[in-house]
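Everything below concerns the one structure shown next.
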Amino acid sequence: MNIWTAFLLSAELDIPEQTIGASYGDALLGAIGTGLVPPDTDWTRIATTIEPDVRTRELYDALYADYLALYPATRDQMHRLARMQEAALAD
């Protein structure tokens, strides 16, 4: 997932050593609040950096343009299918 995020955003993506998210931040806030560590403590250590592949940018842009065109092109069919599904579930 991370590699696709970097590619789609066309941005470097730093991956931290700890990827457990909120609970890690909660622990840091608790440690700061209780005085166990100083307020400027930073527990973030970068394990790796993912760099986007600029060669794929044009492909992603073309695919995204097709994706955006899908709904207007299939709107009537999608609504008809939704009505059919609703009718089937109502029986």
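Residue names in the structure tokens use chain letters A, B, ... in the order shown, residue numbers from 1 in each chain, and ligand numbers from 1 in the order shown.
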* Sel. of strand (DSSP E) residues, segment 7-89 of chain A, as a ChimeraX atom specification -> /A:13-16,46-50
Create the file for the chosen residues now, containing C-alpha atoms and written as a PDB file, in the first residue's frame.
```pdb
ATOM      1  CA  LEU A  13       7.136   8.561   1.653  1.00  0.00           C
ATOM      2  CA  ASP A  14       9.041   8.021   4.914  1.00  0.00           C
ATOM      3  CA  ILE A  15       8.183   4.728   6.594  1.00  0.00           C
ATOM      4  CA  PRO A  16       8.774   4.786  10.359  1.00  0.00           C
ATOM      5  CA  ILE A  46      12.621   6.393   9.723  1.00  0.00           C
ATOM      6  CA  ALA A  47      13.205   2.801   8.611  1.00  0.00           C
ATOM      7  CA  THR A  48      13.078   3.473   4.890  1.00  0.00           C
ATOM      8  CA  THR A  49      12.012   6.033   2.339  1.00  0.00           C
ATOM      9  CA  ILE A  50       9.981   5.058  -0.702  1.00  0.00           C
TER      10      ILE A  50
END
```
* To do: Output as a PyMOL selection string all residues of chain A that backbone DSSP marks as alpha helix (DSSP H).
  => chain A and resi 2-9+22-33+57-90
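Reported to one decimal place, the separation of atom CA of Pro52 of chain A from atom CA of Ala11 of chain A is 6.1 Å.
Atom pair atom CA of Leu9 of chain A / atom CA of Leu63 of chain A: separated by 14.4 Å.
Our summary of the geometry notes that atom CA of Asp40 of chain A is positioned 15.7 Å from atom CA of Tyr24 of chain A.
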Fewer than 6 positions away in the same chain doesn't count, so skip those; otherwise give me all residues within 10 Å of segment 26-31 of chain A, counting only C-alpha atoms, as a compact mmCIF listing (two decimals) with N, CA, C and O atoms, in the first residue's frame.
```txt
# COMPACT_ATOMS: atom_id res chain seq x y z
N VAL A 37 10.00 11.77 29.88
CA VAL A 37 10.86 12.23 28.78
C VAL A 37 10.61 13.71 28.58
O VAL A 37 9.53 14.22 28.89
N PRO A 38 11.58 14.45 28.04
CA PRO A 38 11.37 15.89 27.82
C PRO A 38 10.34 16.14 26.72
O PRO A 38 10.13 15.30 25.84
N PRO A 39 9.70 17.32 26.74
CA PRO A 39 8.64 17.64 25.77
C PRO A 39 9.09 17.61 24.31
O PRO A 39 8.27 17.39 23.43
N THR A 41 10.91 15.41 22.91
CA THR A 41 11.29 14.05 22.54
C THR A 41 10.59 13.65 21.24
O THR A 41 9.40 13.90 21.04
N ASP A 42 11.36 13.04 20.36
CA ASP A 42 10.82 12.53 19.09
C ASP A 42 11.19 11.06 18.99
O ASP A 42 12.36 10.71 18.89
N TRP A 43 10.19 10.20 19.04
CA TRP A 43 10.45 8.76 18.98
C TRP A 43 10.42 8.25 17.54
O TRP A 43 10.56 7.06 17.31
```
